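A.B. asks: Sharing structure02.txt, compact mmCIF, C-alpha atoms:
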```
# COMPACT_ATOMS: atom_id res chain seq x y z
CA MET A 1 8.84 -3.61 2.40
CA TRP A 2 7.17 -6.93 2.89
CA GLY A 3 5.98 -9.57 0.49
CA ARG A 4 5.95 -8.81 -3.22
CA ARG A 5 4.84 -10.92 -6.14
CA ARG A 6 7.30 -12.58 -8.47
CA ARG A 7 8.35 -10.20 -11.21
CA GLY A 8 9.29 -11.00 -14.80
CA VAL A 9 12.06 -13.49 -15.36
CA GLY A 10 13.65 -14.56 -12.15
CA PRO A 11 13.47 -16.98 -9.24
CA SER A 12 10.31 -18.87 -8.45
CA GLY A 13 8.91 -20.91 -5.60
CA SER A 14 11.12 -21.13 -2.53
CA GLY A 15 13.81 -19.02 -4.22
CA ALA A 16 11.47 -16.06 -4.52
CA GLU A 17 10.45 -16.50 -0.89
CA GLU A 18 14.11 -16.44 0.18
CA LEU A 19 14.65 -13.22 -1.76
CA ARG A 20 11.63 -11.62 -0.15
CA ALA A 21 12.86 -12.76 3.28
CA ARG A 22 16.21 -11.06 2.64
CA ARG A 23 14.37 -7.88 1.65
CA ARG A 24 12.40 -8.00 4.89
CA GLU A 25 15.57 -8.44 6.93
CA ARG A 26 17.24 -5.45 5.26
CA GLU A 27 14.12 -3.35 5.68
CA ALA A 28 13.83 -4.33 9.35
CA ALA A 29 17.39 -3.12 9.90
CA LEU A 30 16.55 0.22 8.28
CA ARG A 31 13.42 0.56 10.38
CA LYS A 32 15.34 -0.29 13.52
CA ALA A 33 17.64 2.63 12.81
CA ARG A 34 14.66 4.85 12.04
CA ARG A 35 13.24 4.19 15.52
CA GLN A 36 16.12 6.08 17.04
CA GLU A 37 16.20 9.01 14.66
CA GLN A 38 14.48 10.10 11.51
CA LEU A 39 16.56 8.49 8.82
CA VAL A 40 15.99 8.57 5.10
CA SER A 41 16.90 5.58 3.01
CA LYS A 42 16.77 4.53 -0.59
CA ARG A 43 15.28 1.28 -1.75
CA LEU A 44 16.00 -0.95 -4.68
CA LEU A 45 13.70 -3.34 -6.53
CA ARG A 46 16.26 -5.70 -7.91
CA GLU A 47 16.04 -9.24 -6.50
CA ASP A 48 14.83 -10.94 -9.63
CA THR A 49 17.36 -9.24 -11.87
CA ALA A 50 20.20 -10.10 -9.50
CA ALA A 51 19.33 -13.77 -9.82
CA GLU A 52 18.86 -13.42 -13.54
CA GLU A 53 22.36 -12.04 -13.97
CA GLY A 54 24.01 -14.86 -12.10
CA GLY A 55 23.24 -14.26 -8.44
CA GLN A 56 21.33 -17.52 -8.13
CA ASP A 57 21.41 -17.48 -4.33
CA GLY A 58 19.88 -14.00 -4.27
CA ALA A 59 23.14 -12.28 -3.39
CA GLU A 60 23.73 -8.91 -4.93
CA ILE A 61 26.60 -9.04 -7.42
CA VAL A 62 27.96 -5.63 -8.40
CA PRO A 63 29.45 -5.60 -11.90
CA ASP A 64 32.91 -4.21 -12.56
CA PRO A 65 33.07 -0.60 -13.77
CA LEU A 66 33.07 -0.05 -17.51
CA SER A 67 35.55 2.15 -19.34
CA ASP A 68 34.44 5.40 -20.91
CA ASP A 69 34.45 3.80 -24.35
CA GLU A 70 32.37 0.84 -23.16
CA VAL A 71 29.77 3.14 -21.61
CA LEU A 72 29.62 5.19 -24.81
CA GLU A 73 29.18 2.04 -26.88
CA LEU A 74 26.31 0.92 -24.63
CA LEU A 75 24.60 4.29 -25.05
CA ARG A 76 24.98 4.12 -28.82
CA GLY A 77 23.53 0.62 -28.80
CA VAL A 78 20.51 1.89 -26.88
CA GLN A 79 20.11 4.81 -29.29
CA ARG A 80 20.13 2.62 -32.41
CA ALA A 81 16.71 1.56 -33.63
CA SER A 82 17.70 -2.07 -34.10
CA GLU A 83 16.66 -5.50 -32.91
CA ASP A 84 19.53 -5.43 -30.40
CA ARG A 85 18.25 -2.29 -28.67
CA LYS A 86 16.46 -4.14 -25.87
CA ARG A 87 19.53 -6.31 -25.27
CA SER A 88 21.70 -3.19 -25.07
CA LEU A 89 19.21 -1.65 -22.68
CA SER A 90 19.32 -4.74 -20.44
CA ARG A 91 23.12 -4.66 -20.47
CA LEU A 92 23.02 -0.99 -19.56
CA ARG A 93 20.67 -1.65 -16.65
CA TRP A 94 23.06 -4.31 -15.36
CA ALA A 95 26.12 -2.06 -15.81
CA LEU A 96 24.41 0.84 -14.00
CA GLN A 97 24.55 -1.10 -10.76
CA ASN A 98 28.14 0.10 -10.55
CA LYS A 99 28.63 3.59 -9.12
CA GLU A 100 31.53 4.52 -11.42
CA THR A 101 29.57 3.44 -14.48
CA GLN A 102 26.61 5.53 -13.31
CA GLN A 103 28.80 8.61 -13.04
CA LYS A 104 30.29 8.07 -16.49
CA PHE A 105 26.87 7.47 -18.04
CA VAL A 106 25.16 10.64 -16.74
CA ARG A 107 28.08 12.75 -17.97
CA LEU A 108 27.50 11.62 -21.56
CA ASP A 109 25.56 14.10 -23.64
CA GLY A 110 22.01 12.92 -24.30
CA SER A 111 22.19 9.89 -21.98
CA ILE A 112 19.25 10.79 -19.72
CA ARG A 113 17.31 12.19 -22.67
CA THR A 114 17.67 8.83 -24.43
CA LEU A 115 16.38 6.93 -21.40
CA ILE A 116 13.42 9.32 -21.06
CA GLY A 117 12.58 8.80 -24.72
CA LEU A 118 12.42 5.04 -24.22
CA PHE A 119 10.65 5.42 -20.87
CA THR A 120 7.86 7.36 -22.58
CA SER A 121 7.68 5.11 -25.64
CA SER A 122 4.71 2.94 -26.57
CA LEU A 123 6.78 -0.25 -26.44
CA ALA A 124 6.04 -1.85 -23.08
CA ASP A 125 9.21 -3.95 -22.84
CA MET A 126 11.45 -0.99 -23.73
CA GLN A 127 9.53 1.22 -21.32
CA MET A 128 9.99 -1.21 -18.42
CA GLU A 129 13.70 -1.71 -19.10
CA ALA A 130 14.27 2.05 -19.33
CA ALA A 131 12.37 2.45 -16.05
CA ARG A 132 14.72 -0.06 -14.43
CA CYS A 133 17.73 1.90 -15.70
CA LEU A 134 16.33 5.11 -14.22
CA HIS A 135 15.60 3.27 -10.99
CA GLU A 136 19.23 2.16 -10.74
CA LEU A 137 20.34 5.77 -11.22
CA SER A 138 17.87 7.05 -8.60
CA HIS A 139 19.41 4.66 -6.08
CA SER A 140 22.90 6.08 -6.56
CA SER A 141 24.79 7.33 -3.51
CA ASP A 142 26.18 10.15 -5.65
CA PRO A 143 23.74 13.11 -5.49
CA ALA A 144 24.89 14.29 -8.92
CA VAL A 145 23.75 11.03 -10.49
CA ALA A 146 20.30 11.13 -8.94
CA GLU A 147 19.86 14.83 -9.72
CA ALA A 148 20.64 14.09 -13.35
CA CYS A 149 17.29 12.25 -13.33
CA LEU A 150 15.34 15.42 -12.51
CA PRO A 151 13.91 15.75 -16.04
CA VAL A 152 12.06 12.46 -15.61
CA THR A 153 10.05 13.43 -12.50
CA SER A 154 7.01 14.75 -14.35
CA TYR A 155 6.83 11.56 -16.42
CA LEU A 156 7.11 9.42 -13.30
CA LEU A 157 4.09 11.22 -11.84
CA THR A 158 2.13 10.75 -15.06
CA TYR A 159 2.74 7.01 -15.14
CA LEU A 160 1.53 6.47 -11.57
CA SER A 161 -1.89 6.02 -13.10
CA GLY A 162 -0.54 3.43 -15.52
CA HIS A 163 -2.03 0.08 -16.41
CA SER A 164 0.74 -2.10 -14.96
CA VAL A 165 1.04 -2.60 -11.20
CA GLU A 166 4.69 -3.59 -11.56
CA PHE A 167 5.47 -0.50 -13.62
CA THR A 168 3.60 1.79 -11.20
CA GLU A 169 5.46 0.27 -8.26
CA LEU A 170 8.81 0.85 -9.98
CA CYS A 171 7.89 4.48 -10.68
CA LEU A 172 6.92 5.00 -7.03
CA TYR A 173 10.20 3.70 -5.64
CA THR A 174 12.18 5.70 -8.18
CA LEU A 175 10.31 8.81 -7.06
CA GLY A 176 10.91 7.95 -3.41
CA ASN A 177 14.63 7.63 -4.04
CA LEU A 178 14.77 10.97 -5.85
CA VAL A 179 12.73 12.76 -3.17
CA VAL A 180 15.40 12.30 -0.50
CA GLU A 181 18.20 13.64 -2.65
CA SER A 182 17.78 17.39 -2.18
CA GLU A 183 15.31 20.16 -1.51
CA ALA A 184 15.59 21.15 -5.17
CA VAL A 185 14.09 17.80 -6.21
CA ARG A 186 11.20 18.23 -3.80
CA LYS A 187 10.62 21.81 -4.87
CA GLN A 188 10.28 20.59 -8.43
CA LEU A 189 7.88 17.78 -7.50
CA LEU A 190 5.50 19.85 -5.37
CA PRO A 191 4.41 22.23 -8.19
CA GLN A 192 4.17 19.23 -10.49
CA GLY A 193 1.41 17.96 -8.21
CA ILE A 194 2.97 15.04 -6.40
CA ILE A 195 0.58 15.27 -3.42
CA PRO A 196 -2.66 15.19 -5.51
CA VAL A 197 -1.23 12.32 -7.56
CA LEU A 198 -0.41 10.35 -4.42
CA ALA A 199 -3.88 11.13 -3.08
CA SER A 200 -5.43 9.54 -6.16
CA CYS A 201 -3.14 6.49 -5.90
CA ILE A 202 -3.97 5.78 -2.26
CA GLN A 203 -7.30 4.30 -3.28
CA SER A 204 -5.55 1.61 -5.32
CA PRO A 205 -6.61 -1.96 -4.52
CA HIS A 206 -3.04 -3.22 -5.01
CA GLU A 207 -0.92 -3.77 -1.91
CA ALA A 208 2.36 -3.24 -3.80
CA VAL A 209 1.22 0.17 -5.04
CA LEU A 210 0.04 1.25 -1.57
CA GLU A 211 3.33 0.18 0.00
CA GLY A 212 5.34 2.09 -2.59
CA LEU A 213 3.12 5.13 -2.13
CA GLY A 214 3.70 5.00 1.63
CA TYR A 215 7.44 4.92 0.99
CA VAL A 216 7.30 8.07 -1.18
CA LEU A 217 5.12 9.89 1.34
CA SER A 218 7.34 8.95 4.29
CA GLN A 219 10.36 10.31 2.42
CA LEU A 220 8.55 13.58 1.79
CA LEU A 221 7.33 13.92 5.37
CA GLN A 222 10.87 13.62 6.76
CA ALA A 223 12.11 16.63 4.80
CA LYS A 224 13.16 19.64 6.85
CA GLU A 225 10.63 21.80 5.01
CA ALA A 226 7.80 19.30 5.53
CA PRO A 227 6.04 21.18 8.40
CA THR A 228 5.62 24.35 6.34
CA GLU A 229 5.49 23.19 2.72
CA ILE A 230 4.43 19.55 2.55
CA ILE A 231 2.23 18.68 5.53
CA PRO A 232 -0.30 21.49 4.79
CA LEU A 233 -0.75 20.04 1.30
CA VAL A 234 -1.18 16.55 2.75
CA LEU A 235 -3.83 17.79 5.19
CA ASP A 236 -5.75 19.48 2.37
CA SER A 237 -5.99 16.11 0.58
CA VAL A 238 -7.73 12.83 1.32
CA LEU A 239 -4.44 11.24 2.37
CA PRO A 240 -4.77 11.48 6.20
CA GLN A 241 -8.10 9.65 6.47
CA HIS A 242 -6.93 6.94 4.10
CA MET A 243 -3.65 6.60 6.02
CA LEU A 244 -5.61 6.01 9.22
CA ARG A 245 -7.81 3.47 7.46
CA LEU A 246 -4.85 1.53 6.07
CA VAL A 247 -2.97 1.54 9.38
CA CYS A 248 -6.00 0.27 11.29
CA SER A 249 -6.68 -2.46 8.73
CA GLY A 250 -3.06 -3.64 8.81
CA LEU A 251 -3.89 -6.71 10.90
CA LYS A 252 -6.32 -7.98 8.27
CA ALA A 253 -4.78 -6.57 5.07
CA GLY A 254 -1.13 -6.28 4.07
CA ILE A 255 1.17 -5.26 6.89
CA GLY A 256 3.69 -3.61 4.55
CA ALA A 257 1.47 -0.68 3.59
CA ALA A 258 0.26 -0.32 7.19
CA VAL A 259 3.86 -0.01 8.41
CA GLU A 260 4.65 2.70 5.87
CA PHE A 261 1.58 4.78 6.67
CA ALA A 262 1.99 4.36 10.42
CA TRP A 263 5.42 5.98 10.13
CA CYS A 264 3.90 8.68 7.92
CA LEU A 265 1.42 9.49 10.70
CA HIS A 266 4.27 9.48 13.19
CA TYR A 267 6.21 12.05 11.17
CA ILE A 268 3.12 14.25 10.86
CA VAL A 269 2.47 14.09 14.61
CA CYS A 270 6.12 14.90 15.36
CA SER A 271 5.87 18.06 13.27
CA HIS A 272 3.52 19.58 15.89
CA THR A 273 1.64 21.34 13.10
CA ALA A 274 -1.24 19.01 12.34
CA ASN A 275 -2.30 17.24 15.51
CA ALA A 276 -5.56 19.16 15.90
CA ALA A 277 -6.45 18.13 12.36
CA LEU A 278 -5.63 14.49 13.07
CA LEU A 279 -7.70 14.57 16.24
CA SER A 280 -10.64 15.96 14.32
CA LEU A 281 -10.34 13.01 11.92
CA GLY A 282 -10.69 10.59 14.81
CA ALA A 283 -7.05 9.54 15.07
CA LEU A 284 -7.26 8.77 18.80
CA PRO A 285 -10.24 6.39 18.71
CA ALA A 286 -8.97 4.81 15.49
CA LEU A 287 -5.48 4.07 16.81
CA THR A 288 -6.87 3.00 20.18
CA SER A 289 -9.21 0.55 18.48
CA PHE A 290 -6.24 -0.80 16.53
CA LEU A 291 -4.38 -1.58 19.77
CA LEU A 292 -7.49 -3.23 21.23
CA ASP A 293 -7.88 -5.39 18.13
CA LEU A 294 -4.19 -6.27 18.28
CA ALA A 295 -4.42 -7.27 21.95
CA SER A 296 -7.43 -9.48 21.30
CA GLU A 297 -5.83 -11.28 18.34
CA ILE A 298 -2.13 -11.22 19.04
CA PRO A 299 -0.54 -14.71 18.83
CA GLN A 300 1.95 -16.15 21.27
CA ASP A 301 4.75 -15.53 18.75
CA ALA A 302 4.18 -12.22 16.99
CA PRO A 303 4.67 -12.39 13.21
CA GLU A 304 7.85 -10.85 11.84
CA GLY A 305 7.47 -7.13 11.20
CA LEU A 306 4.48 -6.58 13.50
CA GLU A 307 6.69 -4.66 15.92
CA LEU A 308 7.46 -2.15 13.15
CA LEU A 309 3.75 -1.37 12.90
CA VAL A 310 3.09 -1.29 16.64
CA CYS A 311 6.00 1.08 17.38
CA PRO A 312 4.79 4.14 15.39
CA VAL A 313 1.17 3.57 16.48
CA LEU A 314 2.23 3.70 20.14
CA ARG A 315 4.31 6.80 19.47
CA CYS A 316 1.43 8.54 17.69
CA LEU A 317 -0.95 7.89 20.57
CA SER A 318 1.61 9.00 23.16
CA ASN A 319 2.38 12.21 21.31
CA LEU A 320 -1.25 13.03 20.61
CA LEU A 321 -2.13 12.63 24.28
CA ALA A 322 0.77 14.87 25.29
CA GLU A 323 0.10 17.52 22.65
CA GLU A 324 -1.42 20.87 23.56
CA THR A 325 -4.02 21.33 20.86
CA GLY A 326 -6.21 24.00 22.43
CA TYR A 327 -8.54 21.45 23.99
CA GLU A 328 -8.03 18.43 26.16
CA VAL A 329 -8.67 14.96 24.89
CA GLN A 330 -9.37 12.16 27.34
CA ILE A 331 -9.59 8.46 26.59
CA GLN A 332 -11.54 6.52 29.19
CA ASP A 333 -11.46 2.85 28.37
CA GLU A 334 -9.90 0.41 30.79
CA ARG A 335 -9.38 -2.07 27.95
CA LEU A 336 -6.62 0.13 26.55
CA LEU A 337 -4.61 -0.23 29.75
CA VAL A 338 -4.90 -4.01 29.72
CA ALA A 339 -4.15 -4.10 25.99
CA LEU A 340 -0.85 -2.34 26.64
CA PHE A 341 0.16 -5.04 29.11
CA LEU A 342 -0.79 -7.79 26.66
CA ILE A 343 1.34 -6.13 23.98
CA LEU A 344 4.16 -5.80 26.51
CA GLN A 345 3.93 -9.49 27.26
CA CYS A 346 4.07 -10.41 23.57
CA PHE A 347 7.13 -8.33 22.69
CA LEU A 348 8.99 -8.43 26.00
CA ARG A 349 11.54 -11.09 25.10
CA GLN A 350 12.49 -10.25 21.52
CA HIS A 351 11.69 -6.56 21.10
CA LEU A 352 12.44 -4.68 24.29
CA PHE A 353 12.04 -1.32 22.57
CA ILE A 354 8.28 -1.99 22.35
CA VAL A 355 8.25 -2.20 26.16
CA GLN A 356 9.66 1.32 26.34
CA GLU A 357 7.09 2.61 23.84
CA CYS A 358 4.24 1.00 25.81
CA LEU A 359 5.51 2.44 29.07
CA TRP A 360 5.78 5.88 27.53
CA LEU A 361 2.12 5.69 26.52
CA LEU A 362 1.25 4.31 29.96
CA ASN A 363 2.94 7.33 31.54
CA ASN A 364 0.77 9.69 29.51
CA LEU A 365 -2.37 7.70 30.31
CA THR A 366 -1.75 7.62 34.06
CA ASP A 367 -1.78 11.39 34.16
CA GLU A 368 -5.53 10.78 34.34
CA PRO A 369 -7.02 9.52 37.65
CA PHE A 370 -9.24 7.12 35.69
CA PHE A 371 -6.28 5.02 34.54
CA CYS A 372 -4.54 5.25 37.91
CA SER A 373 -7.64 3.73 39.53
CA THR A 374 -7.88 1.13 36.79
CA LEU A 375 -4.28 0.06 37.34
CA LEU A 376 -5.17 -0.76 40.94
CA SER A 377 -8.68 -2.14 40.48
CA LEU A 378 -7.53 -4.64 37.84
CA ASP A 379 -4.55 -5.68 40.00
CA LEU A 380 -2.00 -4.76 37.36
CA LEU A 381 0.56 -3.37 39.78
CA PRO A 382 2.50 -6.67 40.08
CA ALA A 383 2.87 -6.85 36.31
CA LEU A 384 4.10 -3.27 36.22
CA LEU A 385 6.64 -3.91 38.97
CA GLN A 386 7.87 -6.94 37.07
CA LEU A 387 9.16 -4.58 34.37
CA LEU A 388 11.50 -2.66 36.69
CA PRO A 389 14.59 -4.84 36.08
CA CYS A 390 14.06 -5.22 32.32
CA SER A 391 16.28 -2.30 31.43
CA GLN A 392 17.39 1.04 32.82
CA MET A 393 15.04 2.86 30.47
CA ALA A 394 12.11 0.64 31.46
CA SER A 395 12.83 1.32 35.10
CA VAL A 396 12.90 5.06 34.46
CA LEU A 397 9.55 4.87 32.66
CA VAL A 398 7.87 2.64 35.25
CA ARG A 399 8.67 4.84 38.23
CA PRO A 400 6.53 7.85 37.26
CA CYS A 401 3.51 5.53 37.13
CA LEU A 402 4.09 4.63 40.79
CA VAL A 403 4.43 8.07 42.36
CA SER A 404 3.12 8.74 45.86
CA GLN A 405 0.23 10.94 44.67
CA VAL A 406 -1.39 7.85 43.14
CA TRP A 407 -1.03 5.37 45.98
CA GLY A 408 -0.68 7.74 48.90
CA GLU A 409 2.72 6.50 49.98
CA GLU A 410 6.19 6.09 48.56
CA LEU A 411 6.99 2.66 47.19
CA ASP A 412 10.34 1.05 47.91
CA PHE A 413 11.54 0.61 44.32
CA GLN A 414 14.84 -0.90 45.37
CA GLU A 415 13.09 -3.60 47.37
CA HIS A 416 10.77 -4.45 44.51
CA GLU A 417 13.66 -4.60 42.03
CA SER A 418 15.62 -6.99 44.26
CA HIS A 419 12.62 -9.32 44.42
CA THR A 420 11.96 -9.26 40.70
CA HIS A 421 15.56 -9.77 39.54
CA SER A 422 15.37 -13.45 40.44
CA ALA A 423 11.90 -13.93 39.00
CA GLU A 424 11.33 -15.00 35.45
CA VAL A 425 10.36 -12.07 33.27
CA GLY A 426 6.65 -12.21 32.61
CA GLY A 427 6.00 -14.49 35.61
CA TRP A 428 3.31 -12.22 36.99
CA PHE A 429 1.44 -11.66 33.76
CA GLY A 430 -1.31 -14.07 34.71
CA ALA A 431 -3.00 -11.06 36.25
CA VAL A 432 -3.03 -9.41 32.82
CA ALA A 433 -5.02 -12.24 31.26
CA THR A 434 -7.48 -12.09 34.14
CA ALA A 435 -7.82 -8.33 33.74
CA TRP A 436 -8.45 -8.68 29.99
CA GLN A 437 -11.27 -11.15 30.69
CA LYS A 438 -12.81 -8.64 33.08
CA VAL A 439 -12.80 -5.74 30.60
CA SER A 440 -13.22 -7.50 27.24
CA CYS A 441 -16.99 -7.31 27.49
CA CYS A 442 -16.91 -3.52 27.80
CA GLY A 443 -18.25 -1.24 25.08
CA ARG A 444 -16.40 0.89 22.63
CA VAL A 445 -13.67 3.37 23.33
CA THR A 446 -15.00 6.53 24.91
CA ILE A 447 -13.35 9.77 23.84
CA TYR A 448 -14.18 12.93 25.72
CA LEU A 449 -13.66 16.29 24.03
CA PRO A 450 -14.59 18.92 26.67
```
What would you get if you wrote out this structure as structure tokens?

C.D. replies:
Amino acid sequence: MWGRRRRGVGPSGSGAEELRARRREREAALRKARRQEQLVSKRLLREDTAAEEGGQDGAEIVPDPLSDDEVLELLRGVQRASEDRKRSLSRLRWALQNKETQQKFVRLDGSIRTLIGLFTSSLADMQMEAARCLHELSHSSDPAVAEACLPVTSYLLTYLSGHSVEFTELCLYTLGNLVVESEAVRKQLLPQGIIPVLASCIQSPHEAVLEGLGYVLSQLLQAKEAPTEIIPLVLDSVLPQHMLRLVCSGLKAGIGAAVEFAWCLHYIVCSHTANAALLSLGALPALTSFLLDLASEIPQDAPEGLELLVCPVLRCLSNLLAEETGYEVQIQDERLLVALFLILQCFLRQHLFIVQECLWLLNNLTDEPFFCSTLLSLDLLPALLQLLPCSQMASVLVRPCLVSQVWGEELDFQEHESHTHSAEVGGWFGAVATAWQKVSCCGRVTIYLP
């Protein structure tokens, strides 16, 4: 996740910014892993409370485990209708950061029922504190602890239409954590109407809510049963068109929500069950226009996290072009080719994996004679050859673009690689800027559906 407002009592000013920066770093690491394989992960909204409990530098401090008697005493304090109830609830939330304490708490008779009672109460401060306790439990690495929270799922869905953005966000991330736990959790949530509820939330004007919603949806779409049980429900809702809208507006609006929904689209495309539906919604021209906008506005130093948005967009386009959907889809816009090289140039030094994603898309594009001719007419061959020594994978992906059927003769790859090894990476990208000037006055993307 990316930037979030300051919540409740906690750090302010530069301290809050440092906490958010740490969150971004952790999330970037998770996303980096997700690029290689579909990984599920749980997330925790806790920075402010960590500082409040003594972690003034933003570090997470895990409390020591409580004894059985101490856990029981905390539960009794929460159950008593006294002035100290909120304090007991805050102490419980802090104690539940410890895995052993979590396990002891959920084994106590009536523990989850007590939290649900406070979670559904009319007292806003009690409700929020109980929600934080449930959120801590949902983040547990012990499946038994998270599954003990199953009775709260219907209430979590109900409160997604709540009055408080902070409370709605907390409910969303608690749901997202529970969704990954087991198929039984998901099977309970689907009949409870999680997809229609998410579809109503996606029109929220609040960035934090949209980002949390994207997290829940991405967790659902990675489930093994998603192609048969979840994606059809998503396609029958308004979610896909709004996902496309939010991804394509990510350069102007919040990047956090755009990243989440771009990965959602990627998981849908990878299921091979919905690509015809996405094409009918205009996914190809929409994502192509996004890359053109990115290429025209991209700064010299790309902002942190932009690569996590670009990666799934490139993958979606590549997969959609390669997919057999019953009809062929052709993109004929030379600006897209030049845009890919501009994106390559931007991410070449710090994010080499983007180079591989761009080259994969370039491979699928150059199956069409139009783009093969464009590669030559815009004099982009030197820039392409420059990429040969970048990495073994880049070299593998460049070569198919240079096959003899395109240029009429075999190219001596070894000779070109020996020349480019001594050259500075990106030294020939002046041709890319010239090519962009040539094509930037062209019209819109043309999509042919024979």

A.B. asks: To one decimal place, how far is CA of Asn364 in chain A from CA of Leu281 in chain A in Å?

C.D. replies: 21.1 Å

A.B. asks: Please check which residues have atoms at most 7 Å from (6.6, -5.1, 9.7) in the file's coordinates, counting all atoms listed in the file, and write them as a list in words.

C.D. replies: Ile255, Gly256, Val259, Glu304, Gly305, Leu306, Glu307, Leu308 and Leu309 of chain A

A.B. asks: The selected residues should be written to file as a JSON list (two decimals), in the frame of the given file (atoms: C-alpha atoms).

C.D. replies:
```
[["chain", "number", "residue", "atom", "x", "y", "z"],
["A", 255, "ILE", "CA", 1.17, -5.26, 6.89],
["A", 256, "GLY", "CA", 3.69, -3.61, 4.55],
["A", 259, "VAL", "CA", 3.86, -0.01, 8.41],
["A", 304, "GLU", "CA", 7.85, -10.85, 11.84],
["A", 305, "GLY", "CA", 7.47, -7.13, 11.20],
["A", 306, "LEU", "CA", 4.48, -6.58, 13.50],
["A", 307, "GLU", "CA", 6.69, -4.66, 15.92],
["A", 308, "LEU", "CA", 7.46, -2.15, 13.15],
["A", 309, "LEU", "CA", 3.75, -1.37, 12.90]]
```

A.B. asks: Taking into account all atoms listed in the file, which residue in the set A:Leu278, A:Leu365, A:Leu75, A:Val62 is nearest to Ser88 in chain A?

C.D. replies: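 Nearest to Ser88 in chain A: A:Leu75.
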
A.B. asks: Have a look at CA of Ser280 in chain A and CA of Gly250 in chain A and let me know their distance in Å, one decimal.

C.D. replies: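 Atom-to-atom, CA of Ser280 in chain A to CA of Gly250 in chain A, that is 21.7 Å.
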
A.B. asks: Take the point (17.0, 7.7, -11.1) as written in the file and pick out every residue within 9 Å of it, counting all atoms listed in the file; give the list as a count of residues only.

C.D. replies: 21

A.B. asks: So which residues touch Gly77 in chain A within 10 Å, counting only C-alpha atoms, skipping near sequence neighbours fewer than 2 positions away, as a PyMOL selection string?

C.D. replies: chain A and resi 71-75+79-82+84-89+91-92

A.B. asks: Could those selected residues go to a file with C-alpha atoms, as a tab-separated table (two decimals), in the frame of the given file?

C.D. replies:
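And here is the file that came out, out04.tsv:
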```tsv
chain	number	residue	atom	x	y	z
A	71	VAL	CA	29.77	3.14	-21.61
A	72	LEU	CA	29.62	5.19	-24.81
A	73	GLU	CA	29.18	2.04	-26.88
A	74	LEU	CA	26.31	0.92	-24.63
A	75	LEU	CA	24.60	4.29	-25.05
A	79	GLN	CA	20.11	4.81	-29.29
A	80	ARG	CA	20.13	2.62	-32.41
A	81	ALA	CA	16.71	1.56	-33.63
A	82	SER	CA	17.70	-2.07	-34.10
A	84	ASP	CA	19.53	-5.43	-30.40
A	85	ARG	CA	18.25	-2.29	-28.67
A	86	LYS	CA	16.46	-4.14	-25.87
A	87	ARG	CA	19.53	-6.31	-25.27
A	88	SER	CA	21.70	-3.19	-25.07
A	89	LEU	CA	19.21	-1.65	-22.68
A	91	ARG	CA	23.12	-4.66	-20.47
A	92	LEU	CA	23.02	-0.99	-19.56
```

A.B. asks: Might you pull out every residue within 12 Å of Gly162 in chain A, with all atoms listed in the file counted and same-chain residues fewer than 4 positions away left off, and present them as an MDAnalysis selection string?

C.D. replies: chainID A and resid 120 124 127:128 155:158 166:172 197 201 204 209

A.B. asks: Grab the CA of Phe347 in chain A to CA of Leu380 in chain A distance for me, in Å with one decimal place.

C.D. replies: 17.6 Å

A.B. asks: Which residue gives the smallest distance to Leu337 in chain A among A:Glu225, A:Asp68, A:Glu368, A:Glu323, with all atoms listed in the file counted?

C.D. replies: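 For Leu337 in chain A, the nearest of the given residues is A:Glu368.
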
A.B. asks: Fewer than 6 positions away in the same chain doesn't count, so skip those; otherwise give me all residues within 12 Å of Ile194 in chain A, counting all atoms listed in the file, as a CSV table (one decimal) with C-alpha atoms, keeping the file's coordinate frame.

C.D. replies:
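Heads up, here's the output in part10.csv:
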```csv
chain,number,residue,atom,x,y,z
A,153,THR,CA,10.0,13.4,-12.5
A,154,SER,CA,7.0,14.8,-14.4
A,155,TYR,CA,6.8,11.6,-16.4
A,156,LEU,CA,7.1,9.4,-13.3
A,157,LEU,CA,4.1,11.2,-11.8
A,158,THR,CA,2.1,10.8,-15.1
A,159,TYR,CA,2.7,7.0,-15.1
A,160,LEU,CA,1.5,6.5,-11.6
A,172,LEU,CA,6.9,5.0,-7.0
A,175,LEU,CA,10.3,8.8,-7.1
A,176,GLY,CA,10.9,8.0,-3.4
A,179,VAL,CA,12.7,12.8,-3.2
A,185,VAL,CA,14.1,17.8,-6.2
A,186,ARG,CA,11.2,18.2,-3.8
A,187,LYS,CA,10.6,21.8,-4.9
A,188,GLN,CA,10.3,20.6,-8.4
A,200,SER,CA,-5.4,9.5,-6.2
A,201,CYS,CA,-3.1,6.5,-5.9
A,213,LEU,CA,3.1,5.1,-2.1
A,216,VAL,CA,7.3,8.1,-1.2
A,217,LEU,CA,5.1,9.9,1.3
A,220,LEU,CA,8.6,13.6,1.8
A,230,ILE,CA,4.4,19.6,2.6
A,233,LEU,CA,-0.8,20.0,1.3
A,234,VAL,CA,-1.2,16.6,2.8
A,237,SER,CA,-6.0,16.1,0.6
```
